[in-house]
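Below: query31.tsv (TSV, C-alpha atoms)
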```
chain	number	residue	atom	x	y	z
Q	1	MET	CA	-8.56	46.14	44.45
Q	2	ARG	CA	-9.02	49.81	43.64
Q	3	ASP	CA	-7.77	49.23	40.10
Q	4	LEU	CA	-10.12	46.27	39.69
Q	5	ILE	CA	-13.08	48.41	40.77
Q	6	LYS	CA	-12.13	51.14	38.28
Q	7	THR	CA	-11.74	48.62	35.48
Q	8	ASN	CA	-15.07	46.96	36.20
Q	9	ALA	CA	-17.01	50.04	37.33
Q	10	ALA	CA	-19.77	49.66	34.72
Q	11	LEU	CA	-20.31	46.01	35.58
Q	12	LEU	CA	-20.37	46.80	39.29
Q	13	VAL	CA	-22.86	49.69	39.09
Q	14	ILE	CA	-25.32	47.95	36.76
Q	15	SER	CA	-25.08	44.71	38.74
Q	16	ILE	CA	-25.81	46.42	42.05
Q	17	ALA	CA	-28.75	48.41	40.65
Q	18	SER	CA	-30.22	45.26	39.09
Q	19	PHE	CA	-29.86	43.24	42.30
Q	20	ILE	CA	-31.60	45.97	44.29
Q	21	LEU	CA	-34.53	45.75	41.86
Q	22	MET	CA	-34.49	41.94	42.13
Q	23	GLY	CA	-34.64	42.18	45.92
Q	24	ALA	CA	-37.47	44.72	45.90
Q	25	GLY	CA	-39.65	42.77	43.50
Q	26	THR	CA	-39.13	39.45	45.26
Q	27	ALA	CA	-39.78	40.88	48.74
Q	28	LEU	CA	-43.14	42.30	47.64
Q	29	TYR	CA	-44.65	38.89	46.93
Q	30	GLY	CA	-44.96	37.93	50.60
Q	31	PRO	CA	-46.89	40.94	51.93
Q	32	ALA	CA	-48.84	41.25	48.65
Q	33	LEU	CA	-50.30	37.72	48.80
Q	34	PRO	CA	-53.13	38.53	51.28
Q	35	VAL	CA	-53.90	41.71	49.30
Q	36	PHE	CA	-54.14	39.82	45.99
Q	37	ALA	CA	-56.21	37.09	47.67
Q	38	ARG	CA	-58.77	39.66	48.80
Q	39	GLY	CA	-58.64	41.71	45.61
Q	40	PHE	CA	-59.21	38.76	43.28
Q	41	ASP	CA	-61.41	36.86	45.78
Q	42	ILE	CA	-59.23	33.75	45.80
Q	43	PRO	CA	-57.99	31.52	48.66
Q	44	ILE	CA	-54.61	32.36	50.17
Q	45	GLY	CA	-53.35	28.98	49.00
Q	46	THR	CA	-54.17	29.93	45.40
Q	47	ALA	CA	-52.49	33.31	45.86
Q	48	GLY	CA	-49.36	31.45	46.94
Q	49	LEU	CA	-49.08	30.16	43.36
Q	50	LEU	CA	-47.68	33.60	42.54
Q	51	ILE	CA	-44.43	32.51	44.21
Q	52	SER	CA	-44.24	29.38	42.10
Q	53	ALA	CA	-44.98	31.43	38.97
Q	54	HIS	CA	-41.97	33.60	39.81
Q	55	TRP	CA	-39.71	30.58	40.19
Q	56	ILE	CA	-41.07	28.92	37.05
Q	57	GLY	CA	-40.18	32.14	35.25
Q	58	CYS	CA	-36.72	31.96	36.80
Q	59	SER	CA	-36.33	28.46	35.38
Q	60	ILE	CA	-37.30	29.72	31.95
Q	61	GLY	CA	-34.78	32.55	32.22
Q	62	VAL	CA	-31.98	30.21	33.27
Q	63	ALA	CA	-32.86	27.72	30.52
Q	64	ALA	CA	-32.78	30.55	27.98
Q	65	MET	CA	-29.24	31.36	29.09
Q	66	PHE	CA	-28.12	27.93	27.86
Q	67	VAL	CA	-29.15	29.10	24.39
Q	68	VAL	CA	-28.17	32.78	24.29
Q	69	GLY	CA	-25.21	32.58	26.70
Q	70	ALA	CA	-22.92	35.60	26.63
Q	71	ARG	CA	-25.11	37.36	24.06
Q	72	ALA	CA	-27.48	38.34	26.87
Q	73	THR	CA	-26.63	41.78	28.27
Q	74	PRO	CA	-27.59	43.41	31.58
Q	75	ARG	CA	-30.05	45.55	29.65
Q	76	HIS	CA	-31.93	42.51	28.34
Q	77	VAL	CA	-32.52	41.01	31.77
Q	78	VAL	CA	-33.60	44.30	33.34
Q	79	VAL	CA	-36.14	44.86	30.55
Q	80	ALA	CA	-37.71	41.49	31.37
Q	81	MET	CA	-37.98	42.37	35.08
Q	82	THR	CA	-39.46	45.78	34.19
Q	83	VAL	CA	-42.16	44.26	31.97
Q	84	GLY	CA	-43.03	41.69	34.64
Q	85	ALA	CA	-43.38	44.31	37.37
Q	86	GLY	CA	-45.50	46.40	35.01
Q	87	LEU	CA	-47.90	43.52	34.37
Q	88	MET	CA	-48.32	42.95	38.11
Q	89	ALA	CA	-48.86	46.68	38.60
Q	90	LEU	CA	-51.82	46.66	36.19
Q	91	GLY	CA	-53.80	44.56	38.66
Q	92	THR	CA	-56.56	43.92	36.10
Q	93	SER	CA	-56.80	40.15	36.51
Q	94	TRP	CA	-55.29	37.28	38.47
Q	95	ALA	CA	-54.07	35.60	35.26
Q	96	LEU	CA	-52.20	38.74	34.17
Q	97	THR	CA	-50.69	39.10	37.64
Q	98	VAL	CA	-49.42	35.51	37.53
Q	99	LEU	CA	-48.00	36.16	34.03
Q	100	GLY	CA	-46.25	39.25	35.38
Q	101	ALA	CA	-44.63	37.22	38.16
Q	102	MET	CA	-43.45	34.69	35.59
Q	103	VAL	CA	-41.94	37.37	33.31
Q	104	PHE	CA	-40.29	39.12	36.26
Q	105	GLY	CA	-38.94	35.75	37.35
Q	106	ALA	CA	-37.52	35.08	33.88
Q	107	GLY	CA	-35.55	38.32	34.07
Q	108	TYR	CA	-34.50	37.49	37.63
Q	109	GLY	CA	-33.24	34.03	36.65
Q	110	ALA	CA	-31.35	35.31	33.63
Q	111	ALA	CA	-29.84	38.12	35.74
Q	112	THR	CA	-28.33	35.65	38.20
Q	113	VAL	CA	-26.59	33.89	35.32
Q	114	VAL	CA	-25.50	37.16	33.69
Q	115	PHE	CA	-24.04	38.83	36.76
Q	116	ASN	CA	-22.77	36.20	39.23
Q	117	PRO	CA	-20.15	34.43	37.07
Q	118	ARG	CA	-18.99	37.73	35.56
Q	119	MET	CA	-18.44	39.20	38.99
Q	120	LEU	CA	-16.56	36.09	40.09
Q	121	ARG	CA	-14.27	36.22	37.03
Q	122	ALA	CA	-13.79	39.99	36.91
Q	123	PHE	CA	-12.40	40.29	40.45
Q	124	GLY	CA	-10.15	37.23	40.43
Q	125	ALA	CA	-9.01	36.22	43.91
Q	126	ARG	CA	-11.38	38.78	45.41
Q	127	GLY	CA	-14.25	37.31	43.40
Q	128	PRO	CA	-15.94	35.40	46.28
Q	129	ALA	CA	-15.95	38.54	48.45
Q	130	MET	CA	-17.35	40.68	45.63
Q	131	LEU	CA	-19.93	38.00	44.88
Q	132	SER	CA	-21.08	38.26	48.49
Q	133	LEU	CA	-21.20	42.06	48.18
Q	134	LEU	CA	-23.29	41.86	45.02
Q	135	ASN	CA	-25.73	39.41	46.55
Q	136	ALA	CA	-25.84	41.56	49.69
Q	137	THR	CA	-27.21	44.48	47.66
Q	138	PHE	CA	-30.22	42.27	46.91
Q	139	GLY	CA	-31.08	42.88	50.56
Q	140	ILE	CA	-31.23	46.65	50.11
Q	141	GLY	CA	-34.25	46.38	47.83
Q	142	ALA	CA	-35.70	43.54	49.87
Q	143	ILE	CA	-35.51	45.57	53.08
Q	144	GLY	CA	-36.99	48.72	51.60
Q	145	ALA	CA	-39.83	47.22	49.56
Q	146	PRO	CA	-41.98	45.90	52.45
Q	147	LEU	CA	-41.53	49.21	54.32
Q	148	VAL	CA	-42.63	51.14	51.22
Q	149	PHE	CA	-45.54	48.70	50.86
Q	150	VAL	CA	-46.73	49.48	54.40
Q	151	ALA	CA	-46.17	53.23	53.92
Q	152	LEU	CA	-48.38	53.09	50.81
Q	153	GLY	CA	-51.21	51.52	52.82
Q	154	ASN	CA	-50.55	47.94	51.69
Q	155	ASP	CA	-51.09	48.94	48.06
Q	156	ALA	CA	-49.66	46.12	45.93
Q	157	VAL	CA	-50.43	47.80	42.59
Q	158	LEU	CA	-48.62	51.02	43.46
Q	159	SER	CA	-45.69	49.11	44.96
Q	160	PHE	CA	-45.12	47.11	41.78
Q	161	THR	CA	-45.55	50.29	39.75
Q	162	ILE	CA	-42.57	51.78	41.59
Q	163	CYS	CA	-40.56	48.66	40.73
Q	164	ALA	CA	-41.50	49.01	37.07
Q	165	VAL	CA	-40.49	52.68	36.98
Q	166	THR	CA	-37.20	51.81	38.69
Q	167	GLY	CA	-36.59	49.18	36.03
Q	168	VAL	CA	-37.13	51.74	33.28
Q	169	VAL	CA	-34.51	54.02	34.86
Q	170	ILE	CA	-31.98	51.18	35.18
Q	171	THR	CA	-32.63	50.11	31.58
Q	172	ALA	CA	-31.98	53.64	30.31
Q	173	ALA	CA	-28.79	53.92	32.39
Q	174	ALA	CA	-27.61	50.52	31.20
Q	175	GLY	CA	-27.27	51.68	27.59
Q	176	PRO	CA	-23.54	52.02	26.97
Q	177	SER	CA	-22.73	50.84	30.50
Q	178	GLY	CA	-24.64	47.63	29.90
Q	179	ARG	CA	-22.66	46.98	26.74
Q	180	ASP	CA	-19.38	47.68	28.49
Q	181	ALA	CA	-20.38	45.31	31.27
Q	182	THR	CA	-20.92	42.44	28.89
Q	183	VAL	CA	-18.14	39.95	29.44
Q	184	VAL	CA	-17.83	37.31	26.73
Q	185	ALA	CA	-16.91	34.01	28.29
Q	186	SER	CA	-13.64	32.61	27.03
Q	187	ALA	CA	-13.06	28.99	26.16
Q	188	SER	CA	-13.46	26.87	29.25
Q	189	ALA	CA	-10.26	25.97	31.03
Q	190	THR	CA	-11.89	22.86	32.49
Q	191	PRO	CA	-14.60	20.45	31.32
Q	192	PHE	CA	-18.06	20.39	32.84
Q	193	ARG	CA	-17.85	18.21	35.98
Q	194	LEU	CA	-21.31	17.30	37.24
Q	195	ASN	CA	-21.53	17.08	41.04
Q	196	LEU	CA	-25.02	15.99	42.04
Q	197	GLN	CA	-24.39	16.28	45.78
Q	198	ILE	CA	-23.73	20.01	45.81
Q	199	LEU	CA	-26.61	20.61	43.39
Q	200	ILE	CA	-28.98	18.76	45.73
Q	201	PHE	CA	-27.74	20.78	48.71
Q	202	GLY	CA	-28.36	23.96	46.71
Q	203	ALA	CA	-31.82	22.87	45.56
Q	204	VAL	CA	-33.04	22.14	49.10
Q	205	ALA	CA	-31.46	25.27	50.62
Q	206	ILE	CA	-32.97	27.55	47.97
Q	207	SER	CA	-36.34	25.86	48.43
Q	208	VAL	CA	-36.22	26.87	52.10
Q	209	GLU	CA	-35.24	30.43	51.15
Q	210	ALA	CA	-38.07	30.64	48.60
Q	211	CYS	CA	-40.64	29.50	51.17
Q	212	LEU	CA	-39.34	31.92	53.80
Q	213	THR	CA	-39.44	34.99	51.56
Q	214	GLY	CA	-42.68	34.12	49.80
Q	215	LEU	CA	-44.75	32.35	52.46
Q	216	GLY	CA	-43.06	33.62	55.63
Q	217	PRO	CA	-45.33	36.66	56.11
Q	218	THR	CA	-48.43	34.49	55.75
Q	219	ALA	CA	-46.97	32.04	58.29
Q	220	LEU	CA	-46.41	34.94	60.69
Q	221	ILE	CA	-50.02	36.05	60.22
Q	222	ASN	CA	-51.14	32.49	60.95
Q	223	ALA	CA	-49.07	32.70	64.15
Q	224	GLY	CA	-51.22	35.62	65.29
Q	225	LEU	CA	-49.36	38.68	64.00
Q	226	SER	CA	-50.99	41.45	61.96
Q	227	GLU	CA	-50.32	41.99	58.26
Q	228	THR	CA	-48.46	45.22	59.03
Q	229	ILE	CA	-46.21	43.57	61.62
Q	230	ALA	CA	-45.60	40.65	59.25
Q	231	ALA	CA	-44.49	43.05	56.50
Q	232	GLN	CA	-42.21	44.89	58.91
Q	233	LEU	CA	-40.72	41.59	60.07
Q	234	LEU	CA	-40.05	40.70	56.43
Q	235	SER	CA	-37.98	43.88	56.18
Q	236	ALA	CA	-36.13	42.86	59.34
Q	237	PHE	CA	-35.65	39.39	57.79
Q	238	PHE	CA	-33.95	40.97	54.77
Q	239	LEU	CA	-31.94	43.33	56.98
Q	240	ALA	CA	-30.50	40.24	58.67
Q	241	PHE	CA	-30.13	38.67	55.21
Q	242	LEU	CA	-28.08	41.69	54.10
Q	243	ALA	CA	-25.98	41.62	57.29
Q	244	ALA	CA	-25.10	37.96	56.67
Q	245	ARG	CA	-23.88	38.66	53.16
Q	246	LEU	CA	-21.83	41.62	54.31
Q	247	CYS	CA	-20.28	39.39	56.97
Q	248	LEU	CA	-19.37	36.90	54.25
Q	249	MET	CA	-17.17	39.55	52.63
Q	250	PHE	CA	-14.88	39.33	55.65
Q	251	VAL	CA	-15.13	35.65	56.63
Q	252	ALA	CA	-15.12	34.16	53.11
Q	253	GLY	CA	-11.33	33.93	53.22
Q	254	LEU	CA	-11.18	32.56	56.76
Q	255	LEU	CA	-13.34	29.44	56.48
Q	256	PRO	CA	-14.09	27.11	53.54
Q	257	ALA	CA	-17.31	27.96	51.73
Q	258	PHE	CA	-19.01	24.64	52.49
Q	259	THR	CA	-18.18	24.97	56.19
Q	260	LEU	CA	-19.99	28.31	56.18
Q	261	PHE	CA	-22.88	26.69	54.29
Q	262	THR	CA	-23.12	23.97	56.96
Q	263	LEU	CA	-23.04	26.49	59.81
Q	264	SER	CA	-25.83	28.48	58.14
Q	265	LEU	CA	-28.02	25.35	58.01
Q	266	VAL	CA	-27.44	24.64	61.70
Q	267	GLY	CA	-28.32	28.23	62.54
Q	268	ALA	CA	-31.45	28.05	60.38
Q	269	CYS	CA	-32.64	24.94	62.22
Q	270	ILE	CA	-32.13	26.63	65.60
Q	271	SER	CA	-33.90	29.81	64.42
Q	272	ALA	CA	-36.85	27.83	63.07
Q	273	LEU	CA	-37.18	26.02	66.42
Q	274	ILE	CA	-37.21	29.39	68.20
Q	275	ALA	CA	-40.00	30.53	65.86
Q	276	ALA	CA	-41.96	27.32	66.37
Q	277	LEU	CA	-41.61	27.11	70.16
Q	278	TRP	CA	-41.31	30.67	71.46
Q	279	LEU	CA	-40.96	33.82	69.39
Q	280	PRO	CA	-42.05	33.59	65.72
Q	281	GLY	CA	-40.86	37.12	64.91
Q	282	ALA	CA	-37.38	36.73	66.41
Q	283	GLY	CA	-36.96	33.26	64.91
Q	284	PHE	CA	-38.02	34.53	61.48
Q	285	VAL	CA	-35.42	37.32	61.59
Q	286	GLY	CA	-32.77	34.78	62.64
Q	287	LEU	CA	-33.76	32.68	59.64
Q	288	GLY	CA	-33.07	35.72	57.47
Q	289	PHE	CA	-29.45	35.88	58.64
Q	290	CYS	CA	-28.91	32.17	57.97
Q	291	ALA	CA	-30.68	32.18	54.61
Q	292	GLY	CA	-28.47	35.06	53.52
Q	293	MET	CA	-25.50	32.67	53.54
Q	294	PHE	CA	-27.13	29.84	51.57
Q	295	PHE	CA	-26.59	30.90	47.98
Q	296	PRO	CA	-23.11	32.55	48.01
Q	297	THR	CA	-21.48	29.72	49.96
Q	298	GLU	CA	-23.16	26.98	47.91
Q	299	TYR	CA	-22.35	28.79	44.64
Q	300	VAL	CA	-18.66	29.18	45.47
Q	301	THR	CA	-18.44	25.52	46.54
Q	302	ALA	CA	-20.21	24.34	43.40
Q	303	THR	CA	-18.02	26.35	41.02
Q	304	ARG	CA	-14.91	25.01	42.74
Q	305	LYS	CA	-16.17	21.42	42.45
Q	306	MET	CA	-17.64	21.68	38.94
Q	307	GLY	CA	-15.16	23.93	37.13
Q	308	ASN	CA	-15.52	27.11	35.05
Q	309	ASN	CA	-17.34	25.68	32.04
Q	310	ALA	CA	-19.99	28.00	30.61
Q	311	ARG	CA	-22.71	25.51	31.61
Q	312	VAL	CA	-21.74	25.48	35.29
Q	313	ALA	CA	-23.51	28.70	36.37
Q	314	PRO	CA	-26.85	27.81	34.72
Q	315	ALA	CA	-26.60	24.29	36.20
Q	316	ILE	CA	-26.04	25.59	39.74
Q	317	ILE	CA	-28.77	28.19	39.53
Q	318	GLY	CA	-31.12	25.82	37.71
Q	319	ALA	CA	-30.79	23.24	40.49
Q	320	GLY	CA	-31.71	25.87	43.05
Q	321	LEU	CA	-34.72	26.85	40.97
Q	322	VAL	CA	-36.06	23.30	41.11
Q	323	GLY	CA	-36.48	23.79	44.84
Q	324	GLY	CA	-37.71	27.35	44.40
Q	325	VAL	CA	-40.47	26.25	42.05
Q	326	PHE	CA	-41.78	23.15	43.79
Q	327	ALA	CA	-41.39	23.97	47.50
Q	328	PRO	CA	-43.84	26.93	47.60
Q	329	LEU	CA	-46.15	25.02	45.25
Q	330	LEU	CA	-46.27	22.12	47.70
Q	331	MET	CA	-46.43	24.26	50.83
Q	332	SER	CA	-49.02	26.89	49.81
Q	333	PRO	CA	-52.14	24.67	49.91
Q	334	PHE	CA	-51.31	23.51	53.45
Q	335	LEU	CA	-50.58	26.89	55.04
Q	336	GLU	CA	-54.12	27.21	56.40
Q	337	THR	CA	-54.21	23.65	57.74
Q	338	MET	CA	-50.79	23.17	59.35
Q	339	GLY	CA	-51.66	25.12	62.48
Q	340	GLN	CA	-50.34	28.36	63.89
Q	341	ARG	CA	-46.64	27.46	63.70
Q	342	GLY	CA	-46.55	24.32	61.58
Q	343	PHE	CA	-44.68	26.17	58.83
Q	344	PHE	CA	-41.73	26.76	61.14
Q	345	TRP	CA	-41.69	23.11	62.23
Q	346	VAL	CA	-41.38	22.10	58.57
Q	347	VAL	CA	-38.50	24.54	58.10
Q	348	ALA	CA	-36.77	23.25	61.26
Q	349	CYS	CA	-37.00	19.62	60.14
Q	350	THR	CA	-35.83	20.39	56.59
Q	351	THR	CA	-32.82	22.47	57.59
Q	352	GLY	CA	-31.93	20.07	60.41
Q	353	LEU	CA	-31.82	17.06	58.07
Q	354	LEU	CA	-29.89	19.03	55.47
Q	355	ALA	CA	-27.39	20.14	58.11
Q	356	LEU	CA	-26.79	16.52	59.10
Q	357	GLY	CA	-26.17	15.66	55.46
Q	358	ALA	CA	-23.78	18.60	55.11
Q	359	LEU	CA	-21.83	17.55	58.19
Q	360	ALA	CA	-21.49	14.04	56.79
Q	361	ASN	CA	-20.05	15.46	53.54
Q	362	LEU	CA	-18.04	18.31	55.04
Q	363	ARG	CA	-14.56	16.92	54.39
Q	364	ALA	CA	-15.33	15.81	50.84
Q	365	MET	CA	-16.92	19.14	49.89
Q	366	ASN	CA	-14.04	21.18	51.29
Q	367	ARG	CA	-11.39	19.30	49.30
```
Turn the structure described in the file into structure tokens.
Amino acid sequence: MRDLIKTNAALLVISIASFILMGAGTALYGPALPVFARGFDIPIGTAGLLISAHWIGCSIGVAAMFVVGARATPRHVVVAMTVGAGLMALGTSWALTVLGAMVFGAGYGAATVVFNPRMLRAFGARGPAMLSLLNATFGIGAIGAPLVFVALGNDAVLSFTICAVTGVVITAAAGPSGRDATVVASASATPFRLNLQILIFGAVAISVEACLTGLGPTALINAGLSETIAAQLLSAFFLAFLAARLCLMFVAGLLPAFTLFTLSLVGACISALIAALWLPGAGFVGLGFCAGMFFPTEYVTATRKMGNNARVAPAIIGAGLVGGVFAPLLMSPFLETMGQRGFFWVVACTTGLLALGALANLRAMNR
């Protein structure tokens, strides 16, 4: 393992730095929505379109990877995220802010395709554990960003400015390192095997994650909590998210990936019920731990079922983006009308039904 880390040091460092930036930028959307709504004098439901703009951008980034493939370097994807954060930091108009979210999302989507399969290949048998580690570092930025946002007096413009500056630093550092980290995919050992079931599981799970990270703070405010407390709870959400992915490093070899995916859905349903019936803050943090397991476990299952063809990673991530784009778009207009805790009831029903479906397919998915 030590030799593998030395061999792939450039890939590891640039991947971790990029995922921290991805986490920070994504976590800022939630607490920034009420600020943008006031600043641009728009309804909170309209402000929620910023989340969908991000995921639409992600879809564009993933689609672009079908064309450019291994020619895309870490530097390219970080530049896109930097430009997007910079546009949101300008704060001159709502249209430019939405464009910034879309550009940031394009870099985000492309980064998931650039880094995840390379990490899985580079570390061989330890690939699933290192994939969990990489995705865990997303939580570092996601935990810190809302706390910085609160410390800056809920200043969305300054918060996104920090993200943009961070992106510039990563881009500069990813000069030769970024080129060294570029892994050209070899000829596929297996053909592309489409598995619609696992793609549907991924799409619905990621839709839940997208709604939690983007609309969760607003749902907490609707439940009677202040904007500051909601932002702090978002940091706690991502702390639990990070803890889950660190736990996966140790349990990934003990239980099949789809079993872990199923358990995370059951836990998410229970946490959402806690938020809906008793304690919205505690339930929301519990949802963070469960959501942290969604993507790594679904991704590992999907790659095992669909093979190592170059189109597999974009297909898996693209399916998740379908949920990420449409779920916040559908949910945002109803946030103000679904009652104090209606959001959490929707999450509980969605994860509960998905968990039942996962249990029904457990044996087949673990083969």
### Task
Quick one: pull the distance between atom CA of Q:Phe36 and atom CA of Q:Leu21, Å, one decimal.
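One can read the atom CA of Q:Phe36 to atom CA of Q:Leu21 distance as 20.9 Å.
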### Task
Find the residue from Q:Gly202, Q:Gly216, Q:Gly318, Q:Pro256 that sits nearest to Q:Phe294; use all atoms listed in the file when measuring.
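Among the listed residues, the smallest separation from Q:Phe294 belongs to Q:Gly202.
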### Query
Which is closer to Q:Gly139 than all the others in Q:Ala37, Q:Leu199, Q:Leu287, Q:Leu239, using all atoms listed in the file?
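Under the stated criterion, the closest residue is Q:Leu239.
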### Task
Give as a list of chain:residue names the set of residues within 9 Å of the point (-32.1, 41.3, 44.9), where distances use the file's coordinates and all atoms listed in the file.
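Here is the list of nearby residues: Q:Ile16, Q:Ala17, Q:Ser18, Q:Phe19, Q:Ile20, Q:Leu21, Q:Met22, Q:Gly23, Q:Ala24, Q:Gly25, Q:Thr26, Q:Ala27, Q:Tyr108, Q:Leu134, Q:Asn135, Q:Ala136, Q:Thr137, Q:Phe138, Q:Gly139, Q:Ile140, Q:Gly141, Q:Ala142.
Neighbouring residues of Q:Thr112 at 10 Å or closer, counting all atoms listed in the file and skipping chain neighbours under 5 positions away, are Q:Ser15, Q:Ser18, Q:Phe19, Q:Met22, Q:Cys58, Q:Gly61, Q:Val62, Q:Val77, Q:Gly107, Q:Pro117, Q:Arg118, Q:Asn135, Q:Ala313, Q:Pro314, Q:Ile317.
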#### Entry: Nearest candidate to Q:Leu277 (options Q:Ile170, Q:Ala348, Q:Leu321, Q:Ala252; using all atoms listed in the file)
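Using all atoms listed in the file, Q:Leu277 sits closest to Q:Ala348.
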### Message
Quick check, in Å to one decimal: how far apart do atom CA of Q:Cys247 and atom CA of Q:Thr297 lie?
### Response
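These atoms are spaced 12.0 Å apart.
Considering the residues Q:Ala355, Q:Ala129, Q:Leu28, Q:Val68 and counting all atoms listed in the file, Q:Phe160 has its shortest atom-to-atom contact with Q:Leu28.
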### Message
Report, in Å with one decimal, the straight-line distance from atom CA of Q:Val312 to atom CA of Q:Phe66.
### Response
10.1 Å
### Query
Of the candidates Q:Ser207, Q:Asn154, Q:Thr301, Q:Ser132, which shows the shortest atom-to-atom distance to Q:Asn366, using only C-alpha atoms?
Q:Thr301
#### Entry: Which of Q:Ala53, Q:Arg193, Q:Ala210, Q:Ile198 sits closest to Q:Gly30 [using only C-alpha atoms]
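Looking at the shortest contact to Q:Gly30, the residue is Q:Ala210.
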